[in-house]
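Student: Handing you a structure now.
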Amino acid sequence: SEDGKQEKIENGKQEKKNDQPPQAKKPKVKTKTVELPVQNNLHWQLPTDVLNMFVENEGKMIMQDKLEKERNDAKNNVEEYVYDMRDKLHGILEKFVNESDRDAFSLKLEDTETWLYEEGEDQQKQVYIDKLAELKKMGQPVLGRYMEAEDEQYNHLDELEVTQVEKQVNDAMAWMNNKMNQQNSQDLTLDPVVKVQEIQAKAKELYSACNPVVSKPKPKVELPKEEETENGPVNGHEGTENSPSNPDKTTSAGMEQETAETKLPEMDID
C-alpha cells in the first residue's frame, strides 16, 4: 500500500541520518586578564664618583688610541721610506752614489724590511723613530745631491706653480697615510677602507695635475746675432776682404822676390 511505501522511505531517511557521524563542537576561547605590577624608578643623574670614574676611563682610552696611532704612524714612516728609497736608489739616485755605498744602503734597506715583518712587527714608537733616523743618515746625503742637481732643472718654473705642486703632493700623501692607518686598525673580515681602484684614481689625478708643471721645458735663449756693416768693422775687427790679413808678410814676400830677381846670374847671348 501507499502508506507502507511512505513508511519505508521515512525509515530509510532516518537510517541514513543515523549513519552520519555527529559534528564536532568548536572549542570556546577563554580569555584571562592578569594585571602586571609596574615600578617606576628613574635615574636622573649618576652619582658624582661613578661619573668621574667613567670620564677618567674615557680619557685613558682616548690617550691609548692616540699613542697607538702615533706608534702605527712611526712604523708606517719606516716602511714607506724603505720602499721609496729602494726604488729611487736603483733609479733616479743611482748616478749620485758610488757602487759600494749603494750596495751597503740596499742591504740596509733589505734588512730593515725583514725586521719590520719579524722582530719589528710590534715595537714602541721610539724604536721606529730611531730606525728611521738610522736609515736617513745613509740616504739623505745621496738625496741631497740629487735635489741640488734637480734644482737647476726646475729653476725656470714659476714659484706659484711649484707651490701648488708641493701642496698637491703633500695632500695626496696625507690622504694615503690616513687611509693606510685606518686599514691597519681594521679587521680583515670587514670591507677595506680604501680600494685599489681609488688609489689608482688618486695617482692618476696627481700625475695629471703635476706632470705638466714639472715637465715644462726650459725656454730657449737665442744668442744675439753679429751685425755686419757694409764698409766698417764687424764687432771691432777690420774687414778681411779688401785688406791683407798680414801686411808685414806681404811686404816681406815682395822684398824676397825682388832680391831673388836681382841675384839671378847674367846669361851670355851669342
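Scheme for the C-alpha cells: letters A, B, ... for chains in order shown; per-chain residue numbers from 1; ligand numbers from 1 in order shown.
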Excluding Asp111 (chain A) and any residue of its chain fewer than 6 positions from it, enumerate the residues within 12 Å of it, using only C-alpha atoms, and give them as a ChimeraX atom specification.
Tutor: /A:79,82,86,104-105,117-120,131,135
Student: Ranking A:Gln164, A:Lys125, A:Ser215, A:Gln197 by minimum distance to Leu67 (chain A) and counting only C-alpha atoms, which one comes first?
Tutor: A:Lys125
Student: Quick one: of A:Gln123, A:Gln45, A:Asn177, A:Asn77, who's nearest to Lys136 (chain A), counting only C-alpha atoms?
Tutor: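 Nearest to Lys136 (chain A): A:Asn77.
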Student: Rank A:Asp130, A:Thr31, A:His156, A:Leu107 by their smallest atom-to-atom distance to Lys220 (chain A), using only C-alpha atoms, and report the top residue only.
Tutor: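 Between A:Asp130, A:Thr31, A:His156, A:Leu107, the residue approaching Lys220 (chain A) most closely is A:His156.
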Student: Between CA of Asp122 (chain A) and CA of Gly59 (chain A), what is the distance in Å, rounded to a tenth?
Tutor: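 It comes out at 23.8 Å.
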Student: Check the DSSP output for the backbone and give back, as a PyMOL selection string, the residues of region 8-206 of chain A in helix (DSSP H, G or I).
Tutor: chain A and resi 8-19+48-89+94-96+99-116+119-122+125-154+159-184+196-206
Student: Output C-alpha atoms for every residue in that selection, as a short mmCIF file (atom, residue, chain, number, x, y, z; two decimals), in the first residue's frame.
Tutor:
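Full text of part.cif as output:
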data_model
loop_
_atom_site.label_atom_id
_atom_site.label_comp_id
_atom_site.auth_asym_id
_atom_site.auth_seq_id
_atom_site.Cartn_x
_atom_site.Cartn_y
_atom_site.Cartn_z
CA LYS A 8 9.72 2.60 4.32
CA ILE A 9 11.01 5.79 2.73
CA GLU A 10 10.92 7.67 6.01
CA ASN A 11 12.64 4.79 7.76
CA GLY A 12 15.41 4.80 5.10
CA LYS A 13 15.98 8.52 5.57
CA GLN A 14 16.20 8.02 9.30
CA GLU A 15 18.80 5.26 8.88
CA LYS A 16 20.96 7.50 6.65
CA LYS A 17 20.87 10.23 9.28
CA ASN A 18 21.92 7.79 11.92
CA ASP A 19 24.88 6.59 9.77
CA THR A 48 79.44 62.00 41.17
CA ASP A 49 82.05 59.34 41.91
CA VAL A 50 80.67 56.99 39.23
CA LEU A 51 80.52 59.81 36.66
CA ASN A 52 84.10 60.83 37.42
CA MET A 53 85.25 57.23 37.02
CA PHE A 54 83.60 56.99 33.58
CA VAL A 55 85.16 60.28 32.45
CA GLU A 56 88.59 59.15 33.65
CA ASN A 57 88.29 55.82 31.83
CA GLU A 58 87.23 57.63 28.66
CA GLY A 59 90.28 59.89 28.87
CA LYS A 60 92.55 56.86 29.27
CA MET A 61 91.05 55.17 26.22
CA ILE A 62 91.44 58.34 24.12
CA MET A 63 95.09 58.58 25.17
CA GLN A 64 95.69 54.91 24.35
CA ASP A 65 94.15 55.37 20.91
CA LYS A 66 96.34 58.42 20.31
CA LEU A 67 99.51 56.61 21.36
CA GLU A 68 98.61 53.61 19.21
CA LYS A 69 98.03 55.85 16.19
CA GLU A 70 101.38 57.58 16.72
CA ARG A 71 103.08 54.18 17.01
CA ASN A 72 101.49 52.96 13.78
CA ASP A 73 102.40 56.21 12.01
CA ALA A 74 106.04 55.85 13.09
CA LYS A 75 106.10 52.26 11.81
CA ASN A 76 104.47 53.26 8.51
CA ASN A 77 107.06 56.04 8.06
CA VAL A 78 109.86 53.48 8.25
CA GLU A 79 108.11 51.17 5.81
CA GLU A 80 107.40 53.96 3.32
CA TYR A 81 110.99 55.20 3.47
CA VAL A 82 112.32 51.69 2.79
CA TYR A 83 110.13 51.19 -0.28
CA ASP A 84 110.65 54.72 -1.61
CA MET A 85 114.44 54.77 -1.23
CA ARG A 86 114.83 51.25 -2.59
CA ASP A 87 113.14 52.28 -5.83
CA LYS A 88 115.00 55.59 -6.08
CA LEU A 89 118.37 54.06 -5.27
CA GLU A 94 121.81 55.73 -8.99
CA LYS A 95 124.26 58.19 -10.56
CA PHE A 96 124.62 60.18 -7.32
CA GLU A 99 128.64 51.33 -6.20
CA SER A 100 129.93 50.29 -2.75
CA ASP A 101 127.76 52.79 -0.88
CA ARG A 102 124.76 51.83 -2.99
CA ASP A 103 125.22 48.14 -2.17
CA ALA A 104 125.60 48.90 1.54
CA PHE A 105 122.46 51.06 1.58
CA SER A 106 120.47 48.46 -0.39
CA LEU A 107 121.45 45.78 2.12
CA LYS A 108 120.41 48.05 5.00
CA LEU A 109 117.01 48.66 3.42
CA GLU A 110 116.51 44.94 2.84
CA ASP A 111 117.41 44.10 6.45
CA THR A 112 115.01 46.77 7.71
CA GLU A 113 112.16 45.39 5.60
CA THR A 114 112.74 41.90 7.03
CA TRP A 115 112.91 43.34 10.55
CA LEU A 116 109.55 45.12 10.11
CA GLU A 119 111.03 41.46 15.36
CA GLY A 120 109.85 44.96 14.44
CA GLU A 121 106.20 43.98 13.99
CA ASP A 122 105.18 45.36 17.42
CA LYS A 125 107.15 54.35 18.89
CA GLN A 126 110.69 55.47 19.73
CA VAL A 127 112.17 52.30 18.25
CA TYR A 128 110.69 53.16 14.85
CA ILE A 129 111.83 56.78 15.13
CA ASP A 130 115.41 55.64 15.80
CA LYS A 131 115.26 53.16 12.93
CA LEU A 132 114.13 55.87 10.51
CA ALA A 133 116.89 58.23 11.67
CA GLU A 134 119.44 55.48 11.08
CA LEU A 135 118.22 54.99 7.51
CA LYS A 136 118.13 58.72 6.76
CA LYS A 137 121.71 59.06 7.94
CA MET A 138 122.70 56.96 4.93
CA GLY A 139 120.08 58.19 2.47
CA GLN A 140 119.89 61.93 3.00
CA PRO A 141 123.35 62.80 1.61
CA VAL A 142 122.50 60.99 -1.63
CA LEU A 143 119.08 62.59 -1.77
CA GLY A 144 120.65 65.98 -1.11
CA ARG A 145 122.99 65.64 -4.08
CA TYR A 146 120.04 64.69 -6.25
CA MET A 147 117.99 67.68 -5.07
CA GLU A 148 120.83 70.07 -5.79
CA ALA A 149 121.12 68.75 -9.33
CA GLU A 150 117.36 68.81 -9.87
CA ASP A 151 117.13 72.40 -8.62
CA GLU A 152 118.88 73.57 -11.78
CA GLN A 153 116.47 71.51 -13.84
CA TYR A 154 113.39 73.17 -12.31
CA GLU A 159 107.17 79.84 -7.86
CA LEU A 160 103.37 79.65 -7.64
CA GLU A 161 103.32 76.52 -9.81
CA VAL A 162 105.94 74.84 -7.64
CA THR A 163 103.96 75.70 -4.50
CA GLN A 164 100.79 74.22 -5.98
CA VAL A 165 102.57 71.02 -6.97
CA GLU A 166 104.07 70.71 -3.50
CA LYS A 167 100.65 71.17 -1.89
CA GLN A 168 99.05 68.55 -4.14
CA VAL A 169 101.79 66.06 -3.35
CA ASN A 170 101.50 66.67 0.41
CA ASP A 171 97.71 66.36 0.29
CA ALA A 172 97.94 63.08 -1.62
CA MET A 173 100.49 61.73 0.85
CA ALA A 174 98.32 62.73 3.83
CA TRP A 175 95.30 61.07 2.20
CA MET A 176 97.27 57.87 1.62
CA ASN A 177 98.69 57.76 5.15
CA ASN A 178 95.24 58.33 6.64
CA LYS A 179 93.69 55.51 4.60
CA MET A 180 96.52 53.11 5.39
CA ASN A 181 96.31 53.85 9.12
CA GLN A 182 92.57 53.20 9.08
CA GLN A 183 93.08 49.96 7.17
CA ASN A 184 95.81 48.75 9.53
CA VAL A 196 92.95 49.65 -5.28
CA GLN A 197 90.82 51.44 -7.85
CA GLU A 198 90.61 54.51 -5.60
CA ILE A 199 94.39 54.55 -5.11
CA GLN A 200 94.96 54.28 -8.86
CA ALA A 201 92.49 57.11 -9.48
CA LYS A 202 94.26 59.31 -6.91
CA ALA A 203 97.65 58.58 -8.50
CA LYS A 204 96.30 59.41 -11.96
CA GLU A 205 94.81 62.66 -10.65
CA LEU A 206 98.12 63.64 -9.04
#
Student: Could you check how far CA of Ser208 (chain A) sits from CA of Asp191 (chain A), in Å to one decimal?
Tutor: 29.1 Å
